[in-house]
Amino acid sequence: MKIEAIYISPGHNFFGHHGKPPSKNPTLSVAEVECVAGHGLKGDRFFDYKPGYGGQITFFAREIHDALCRDFRVIGVSSEVYRRNVVTSGVNLNDLIGQEFSVQGIRFFGYSECKPCYWMDQAVAPGAFEWLKGNGGLRARILSDGILRTEAGA
């Protein structure tokens with residue numbers, strides 16, 4: 001698995017905003033992030049969200065982003081719009097659901113699909129929400145501490 005990008009955000013833009021407009025918290029692109037077992041990513045909105053939370057870290061496949069942009073003829077949309085923490089390449093993330101896996105020596109447990117939300121129709125293109133069902137990414141628990149780095153930051 002190659003780490004293409006890492007994103008964190010200090011606040012929620014969509015989560016908990018049903019029926020309201022999204023917030024405007026920045027999505028920060030970082031070269032590395034500290035993974036804390038059982039807690040999440042230092043500096044991210046879901047750090048210490050609640051005990052045992054299955055989305056301590058989220059992954060999204062670059063290949064899915066590229067296919068969505070191609071299918072919807074979208075140009076210039078960054079992978080940060082999905083609000084996932086880690087953009088990967090070279091692995092089918094759905095295969096990691098229910099599995100323990102390691103990336104750069106850090107252990108994770110693939111908890112569940114990170115289901116897309118209806119906001120994707122605004123963030124990417126109308127129809128993106130339906131298209132992303134089954135390809136929304138991976139929610140995972142962090143099982144060991146460590147620093148996760150992008151390929152460029154490794």
# chains A, B, ... in the order shown; residues from 1 in each chain; ligands from 1
$ select_by_dssp --residues "chain A" --states "helix (DSSP H, G or I)" --output "mmCIF file with N, CA and C atoms, in the first residue's frame"
data_model
loop_
_atom_site.group_PDB
_atom_site.id
_atom_site.type_symbol
_atom_site.label_atom_id
_atom_site.label_comp_id
_atom_site.auth_asym_id
_atom_site.auth_seq_id
_atom_site.Cartn_x
_atom_site.Cartn_y
_atom_site.Cartn_z
ATOM 1 N N ARG A 62 -6.897 6.150 -4.209
ATOM 2 C CA ARG A 62 -6.651 7.068 -5.329
ATOM 3 C C ARG A 62 -7.324 6.540 -6.599
ATOM 4 N N GLU A 63 -7.312 5.217 -6.770
ATOM 5 C CA GLU A 63 -7.910 4.614 -7.961
ATOM 6 C C GLU A 63 -9.418 4.910 -8.043
ATOM 7 N N ILE A 64 -10.090 4.948 -6.895
ATOM 8 C CA ILE A 64 -11.525 5.272 -6.875
ATOM 9 C C ILE A 64 -11.725 6.746 -7.237
ATOM 10 N N HIS A 65 -10.907 7.604 -6.671
ATOM 11 C CA HIS A 65 -10.980 9.041 -7.004
ATOM 12 C C HIS A 65 -10.799 9.251 -8.508
ATOM 13 N N ASP A 66 -9.774 8.617 -9.074
ATOM 14 C CA ASP A 66 -9.503 8.777 -10.504
ATOM 15 C C ASP A 66 -10.657 8.266 -11.357
ATOM 16 N N ALA A 67 -11.236 7.110 -10.978
ATOM 17 C CA ALA A 67 -12.360 6.541 -11.743
ATOM 18 C C ALA A 67 -13.596 7.429 -11.643
ATOM 19 N N LEU A 68 -13.872 7.955 -10.457
ATOM 20 C CA LEU A 68 -15.019 8.842 -10.283
ATOM 21 C C LEU A 68 -14.859 10.102 -11.129
ATOM 22 N N CYS A 69 -13.681 10.714 -11.074
ATOM 23 C CA CYS A 69 -13.440 11.918 -11.883
ATOM 24 C C CYS A 69 -13.576 11.621 -13.372
ATOM 25 N N ARG A 70 -13.091 10.462 -13.794
ATOM 26 C CA ARG A 70 -13.194 10.065 -15.207
ATOM 27 C C ARG A 70 -14.662 9.847 -15.595
ATOM 28 N N ASP A 71 -15.395 9.089 -14.773
ATOM 29 C CA ASP A 71 -16.792 8.778 -15.092
ATOM 30 C C ASP A 71 -17.689 10.009 -15.105
ATOM 31 N N PHE A 72 -17.397 10.975 -14.244
ATOM 32 C CA PHE A 72 -18.217 12.183 -14.166
ATOM 33 C C PHE A 72 -17.600 13.360 -14.919
ATOM 34 N N SER A 79 -8.497 15.050 -3.916
ATOM 35 C CA SER A 79 -8.965 13.929 -3.101
ATOM 36 C C SER A 79 -9.301 14.353 -1.673
ATOM 37 N N GLU A 80 -8.990 15.567 -1.291
ATOM 38 C CA GLU A 80 -9.331 16.041 0.048
ATOM 39 C C GLU A 80 -10.839 16.223 0.231
ATOM 40 N N VAL A 81 -11.609 16.335 -0.859
ATOM 41 C CA VAL A 81 -13.052 16.569 -0.738
ATOM 42 C C VAL A 81 -13.793 15.424 -0.057
ATOM 43 N N TYR A 82 -13.223 14.231 -0.059
ATOM 44 C CA TYR A 82 -13.894 13.077 0.546
ATOM 45 C C TYR A 82 -13.816 13.094 2.063
ATOM 46 N N LEU A 93 -9.223 -1.511 -0.674
ATOM 47 C CA LEU A 93 -9.521 -1.244 0.731
ATOM 48 C C LEU A 93 -10.649 -2.118 1.274
ATOM 49 N N ASN A 94 -11.609 -2.481 0.435
ATOM 50 C CA ASN A 94 -12.699 -3.346 0.902
ATOM 51 C C ASN A 94 -12.178 -4.704 1.355
ATOM 52 N N ASP A 95 -11.057 -5.158 0.796
ATOM 53 C CA ASP A 95 -10.470 -6.432 1.214
ATOM 54 C C ASP A 95 -9.930 -6.378 2.638
ATOM 55 N N LEU A 96 -9.750 -5.191 3.190
ATOM 56 C CA LEU A 96 -9.192 -5.040 4.533
ATOM 57 C C LEU A 96 -10.258 -4.970 5.624
ATOM 58 N N MET A 120 -21.511 14.368 -0.983
ATOM 59 C CA MET A 120 -20.613 14.124 -2.122
ATOM 60 C C MET A 120 -21.181 14.660 -3.427
ATOM 61 N N ASP A 121 -22.516 14.740 -3.518
ATOM 62 C CA ASP A 121 -23.128 15.314 -4.716
ATOM 63 C C ASP A 121 -22.783 16.800 -4.864
ATOM 64 N N GLN A 122 -22.537 17.487 -3.753
ATOM 65 C CA GLN A 122 -22.119 18.886 -3.785
ATOM 66 C C GLN A 122 -20.604 18.999 -3.926
ATOM 67 N N ALA A 123 -19.878 18.151 -3.194
ATOM 68 C CA ALA A 123 -18.421 18.266 -3.137
ATOM 69 C C ALA A 123 -17.736 17.822 -4.427
ATOM 70 N N ALA A 128 -22.460 11.527 -7.449
ATOM 71 C CA ALA A 128 -21.276 10.952 -6.800
ATOM 72 C C ALA A 128 -21.639 10.108 -5.582
ATOM 73 N N PHE A 129 -22.638 10.531 -4.823
ATOM 74 C CA PHE A 129 -23.067 9.787 -3.634
ATOM 75 C C PHE A 129 -23.432 8.355 -4.004
ATOM 76 N N GLU A 130 -24.293 8.179 -4.995
ATOM 77 C CA GLU A 130 -24.693 6.823 -5.414
ATOM 78 C C GLU A 130 -23.507 6.053 -5.989
ATOM 79 N N TRP A 131 -22.709 6.701 -6.787
ATOM 80 C CA TRP A 131 -21.553 6.054 -7.422
ATOM 81 C C TRP A 131 -20.583 5.517 -6.378
ATOM 82 N N LEU A 132 -20.402 6.252 -5.271
ATOM 83 C CA LEU A 132 -19.426 5.884 -4.244
ATOM 84 C C LEU A 132 -19.902 4.770 -3.306
#
$ closest_atom_pairs --of "stretch 51-95 of chain A" --to "stretch 100-118 of chain A" --cutoff "12 Å" --atoms "only C-alpha atoms" --output "Markdown table"
| residue | atom | partner | partner_atom | distance |
| --- | --- | --- | --- | --- |
| A:Gly52 | CA | A:Tyr111 | CA | 10.4 |
| A:Tyr53 | CA | A:Tyr111 | CA | 9.2 |
| A:Gly54 | CA | A:Tyr111 | CA | 5.6 |
| A:Gly55 | CA | A:Tyr111 | CA | 7.5 |
| A:Gln56 | CA | A:Phe108 | CA | 9.7 |
| A:Ile57 | CA | A:Phe108 | CA | 8.9 |
| A:Thr58 | CA | A:Cys114 | CA | 7.2 |
| A:Phe59 | CA | A:Cys114 | CA | 8.1 |
| A:Phe60 | CA | A:Cys114 | CA | 8.6 |
| A:Ala61 | CA | A:Cys114 | CA | 11.5 |
| A:Val81 | CA | A:Pro116 | CA | 11.3 |
| A:Tyr82 | CA | A:Pro116 | CA | 8.1 |
| A:Arg83 | CA | A:Pro116 | CA | 9.9 |
| A:Arg84 | CA | A:Cys114 | CA | 8.6 |
| A:Asn85 | CA | A:Cys114 | CA | 11.2 |
| A:Val86 | CA | A:Val103 | CA | 11.2 |
| A:Thr88 | CA | A:Val103 | CA | 10.6 |
| A:Val91 | CA | A:Val103 | CA | 11.5 |
| A:Asn92 | CA | A:Glu113 | CA | 11.6 |
| A:Leu93 | CA | A:Glu113 | CA | 8.4 |
| A:Asn94 | CA | A:Glu113 | CA | 6.8 |
| A:Asp95 | CA | A:Gly110 | CA | 8.8 |
$ atom_distance --atom1 "atom CA of A:Arg149" --atom2 "atom CA of A:Asp48"
21.0 Å
$ residues_around --residues "stretch 2-11 of chain A" --least-positions-apart "5" --cutoff "7 Å" --atoms "only C-alpha atoms" --output "JSON, numbers by chain"
{"A": [25, 26, 27, 28, 29, 30, 31, 32, 43, 44, 45, 80, 84, 85, 86, 87, 88, 89, 90, 150, 151]}
$ write_last_selection --atoms "C-alpha atoms" --output "CSV table (one decimal), in the first residue's frame"
chain,number,residue,atom,x,y,z
A,25,ASN,CA,-13.1,23.9,8.8
A,26,PRO,CA,-9.9,23.6,6.7
A,27,THR,CA,-8.7,20.3,5.5
A,28,LEU,CA,-4.9,20.3,6.1
A,29,SER,CA,-2.6,18.3,3.8
A,30,VAL,CA,0.3,17.0,5.9
A,31,ALA,CA,3.4,15.0,5.1
A,32,GLU,CA,3.1,13.0,8.3
A,43,GLY,CA,-4.8,17.1,15.4
A,44,ASP,CA,-7.8,15.5,13.7
A,45,ARG,CA,-11.4,16.1,14.5
A,80,GLU,CA,-9.3,16.0,0.0
A,84,ARG,CA,-10.8,10.8,4.5
A,85,ASN,CA,-7.5,10.9,6.3
A,86,VAL,CA,-5.3,8.8,4.1
A,87,VAL,CA,-5.3,8.5,0.3
A,88,THR,CA,-3.8,5.2,-0.8
A,89,SER,CA,-2.9,3.4,-4.0
A,90,GLY,CA,-2.2,-0.3,-4.8
A,150,THR,CA,3.3,10.1,2.7
A,151,GLU,CA,5.5,8.5,0.1
$ select_by_dssp --residues "stretch 54-154 of chain A" --states "strand (DSSP E or B)" --output "number ranges by chain"
A: 57-61, 86-89, 97, 100-103, 106-113, 138-142, 146-149
$ write_last_selection --atoms "N, CA and C atoms" --output "PDB file, in the first residue's frame"
ATOM      1  N   ILE A  57      -9.152   6.362  12.052  1.00  0.00           N
ATOM      2  CA  ILE A  57      -8.445   6.767  10.841  1.00  0.00           C
ATOM      3  C   ILE A  57      -9.276   6.271   9.664  1.00  0.00           C
ATOM      4  N   THR A  58      -9.301   7.042   8.580  1.00  0.00           N
ATOM      5  CA  THR A  58     -10.034   6.618   7.395  1.00  0.00           C
ATOM      6  C   THR A  58      -9.102   6.620   6.191  1.00  0.00           C
ATOM      7  N   PHE A  59      -9.348   5.678   5.287  1.00  0.00           N
ATOM      8  CA  PHE A  59      -8.538   5.510   4.084  1.00  0.00           C
ATOM      9  C   PHE A  59      -9.427   5.637   2.856  1.00  0.00           C
ATOM     10  N   PHE A  60      -8.865   6.162   1.774  1.00  0.00           N
ATOM     11  CA  PHE A  60      -9.589   6.272   0.504  1.00  0.00           C
ATOM     12  C   PHE A  60      -8.620   5.958  -0.626  1.00  0.00           C
ATOM     13  N   ALA A  61      -9.074   5.227  -1.620  1.00  0.00           N
ATOM     14  CA  ALA A  61      -8.205   4.781  -2.721  1.00  0.00           C
ATOM     15  C   ALA A  61      -8.111   5.817  -3.836  1.00  0.00           C
ATOM     16  N   VAL A  86      -6.398   9.327   4.822  1.00  0.00           N
ATOM     17  CA  VAL A  86      -5.257   8.807   4.081  1.00  0.00           C
ATOM     18  C   VAL A  86      -5.704   8.367   2.690  1.00  0.00           C
ATOM     19  N   VAL A  87      -5.047   8.883   1.669  1.00  0.00           N
ATOM     20  CA  VAL A  87      -5.308   8.464   0.294  1.00  0.00           C
ATOM     21  C   VAL A  87      -4.222   7.455  -0.076  1.00  0.00           C
ATOM     22  N   THR A  88      -4.674   6.277  -0.515  1.00  0.00           N
ATOM     23  CA  THR A  88      -3.773   5.165  -0.804  1.00  0.00           C
ATOM     24  C   THR A  88      -3.786   4.832  -2.291  1.00  0.00           C
ATOM     25  N   SER A  89      -2.858   3.986  -2.674  1.00  0.00           N
ATOM     26  CA  SER A  89      -2.923   3.352  -3.988  1.00  0.00           C
ATOM     27  C   SER A  89      -2.343   1.953  -3.842  1.00  0.00           C
ATOM     28  N   ILE A  97     -11.529  -4.953   5.239  1.00  0.00           N
ATOM     29  CA  ILE A  97     -12.608  -4.934   6.229  1.00  0.00           C
ATOM     30  C   ILE A  97     -12.560  -6.243   7.020  1.00  0.00           C
ATOM     31  N   GLU A 100      -6.734  -7.334  10.248  1.00  0.00           N
ATOM     32  CA  GLU A 100      -5.644  -6.548  10.804  1.00  0.00           C
ATOM     33  C   GLU A 100      -4.614  -6.383   9.696  1.00  0.00           C
ATOM     34  N   PHE A 101      -4.041  -5.191   9.575  1.00  0.00           N
ATOM     35  CA  PHE A 101      -3.030  -4.932   8.563  1.00  0.00           C
ATOM     36  C   PHE A 101      -2.042  -3.903   9.081  1.00  0.00           C
ATOM     37  N   SER A 102      -0.895  -3.830   8.453  1.00  0.00           N
ATOM     38  CA  SER A 102       0.151  -2.882   8.853  1.00  0.00           C
ATOM     39  C   SER A 102       0.523  -1.983   7.690  1.00  0.00           C
ATOM     40  N   VAL A 103       0.809  -0.741   8.015  1.00  0.00           N
ATOM     41  CA  VAL A 103       1.322   0.223   7.056  1.00  0.00           C
ATOM     42  C   VAL A 103       2.465   0.956   7.755  1.00  0.00           C
ATOM     43  N   ILE A 106       2.907   0.407  11.422  1.00  0.00           N
ATOM     44  CA  ILE A 106       1.791   0.733  12.314  1.00  0.00           C
ATOM     45  C   ILE A 106       0.667  -0.267  12.036  1.00  0.00           C
ATOM     46  N   ARG A 107       0.107  -0.818  13.101  1.00  0.00           N
ATOM     47  CA  ARG A 107      -0.968  -1.815  12.951  1.00  0.00           C
ATOM     48  C   ARG A 107      -2.339  -1.149  13.024  1.00  0.00           C
ATOM     49  N   PHE A 108      -3.218  -1.635  12.159  1.00  0.00           N
ATOM     50  CA  PHE A 108      -4.592  -1.140  12.080  1.00  0.00           C
ATOM     51  C   PHE A 108      -5.548  -2.331  12.016  1.00  0.00           C
ATOM     52  N   PHE A 109      -6.816  -2.072  12.326  1.00  0.00           N
ATOM     53  CA  PHE A 109      -7.866  -3.063  12.107  1.00  0.00           C
ATOM     54  C   PHE A 109      -8.917  -2.426  11.223  1.00  0.00           C
ATOM     55  N   GLY A 110      -9.169  -3.037  10.056  1.00  0.00           N
ATOM     56  CA  GLY A 110     -10.176  -2.535   9.126  1.00  0.00           C
ATOM     57  C   GLY A 110     -11.558  -2.784   9.679  1.00  0.00           C
ATOM     58  N   TYR A 111     -12.184  -1.752  10.198  1.00  0.00           N
ATOM     59  CA  TYR A 111     -13.448  -1.873  10.914  1.00  0.00           C
ATOM     60  C   TYR A 111     -14.663  -2.003   9.984  1.00  0.00           C
ATOM     61  N   SER A 112     -14.774  -1.104   9.020  1.00  0.00           N
ATOM     62  CA  SER A 112     -15.936  -1.127   8.128  1.00  0.00           C
ATOM     63  C   SER A 112     -15.700  -0.215   6.927  1.00  0.00           C
ATOM     64  N   GLU A 113     -16.617  -0.337   5.966  1.00  0.00           N
ATOM     65  CA  GLU A 113     -16.592   0.618   4.856  1.00  0.00           C
ATOM     66  C   GLU A 113     -16.869   2.002   5.424  1.00  0.00           C
ATOM     67  N   LEU A 138     -12.358   3.151   3.796  1.00  0.00           N
ATOM     68  CA  LEU A 138     -12.231   2.221   4.910  1.00  0.00           C
ATOM     69  C   LEU A 138     -12.099   2.976   6.222  1.00  0.00           C
ATOM     70  N   ARG A 139     -12.916   2.601   7.192  1.00  0.00           N
ATOM     71  CA  ARG A 139     -12.754   3.076   8.569  1.00  0.00           C
ATOM     72  C   ARG A 139     -11.883   2.056   9.281  1.00  0.00           C
ATOM     73  N   ALA A 140     -10.958   2.533  10.084  1.00  0.00           N
ATOM     74  CA  ALA A 140     -10.075   1.609  10.798  1.00  0.00           C
ATOM     75  C   ALA A 140      -9.787   2.100  12.204  1.00  0.00           C
ATOM     76  N   ARG A 141      -9.478   1.142  13.051  1.00  0.00           N
ATOM     77  CA  ARG A 141      -8.993   1.428  14.399  1.00  0.00           C
ATOM     78  C   ARG A 141      -7.470   1.375  14.360  1.00  0.00           C
ATOM     79  N   ILE A 142      -6.847   2.211  15.158  1.00  0.00           N
ATOM     80  CA  ILE A 142      -5.393   2.227  15.255  1.00  0.00           C
ATOM     81  C   ILE A 142      -4.997   1.321  16.416  1.00  0.00           C
ATOM     82  N   GLY A 146       2.540   5.272  16.125  1.00  0.00           N
ATOM     83  CA  GLY A 146       3.579   5.488  15.130  1.00  0.00           C
ATOM     84  C   GLY A 146       3.321   6.732  14.307  1.00  0.00           C
ATOM     85  N   ILE A 147       4.287   7.062  13.474  1.00  0.00           N
ATOM     86  CA  ILE A 147       4.181   8.200  12.561  1.00  0.00           C
ATOM     87  C   ILE A 147       3.941   7.646  11.159  1.00  0.00           C
ATOM     88  N   LEU A 148       2.831   8.043  10.566  1.00  0.00           N
ATOM     89  CA  LEU A 148       2.486   7.646   9.198  1.00  0.00           C
ATOM     90  C   LEU A 148       2.914   8.775   8.278  1.00  0.00           C
ATOM     91  N   ARG A 149       3.603   8.423   7.191  1.00  0.00           N
ATOM     92  CA  ARG A 149       4.137   9.439   6.280  1.00  0.00           C
ATOM     93  C   ARG A 149       3.669   9.188   4.849  1.00  0.00           C
TER      94      ARG A 149
END
$ atom_distance --atom1 "atom CA of A:Ser78" --atom2 "atom CA of A:Val33"
19.4 Å
$ atom_distance --atom1 "atom CA of A:Gly98" --atom2 "atom CA of A:Lys42"
24.2 Å
$ closest_residue --among "A:Lys24, A:Ala37, A:Trp119, A:Ala125" --to "A:Val74" --atoms "only C-alpha atoms"
A:Ala125
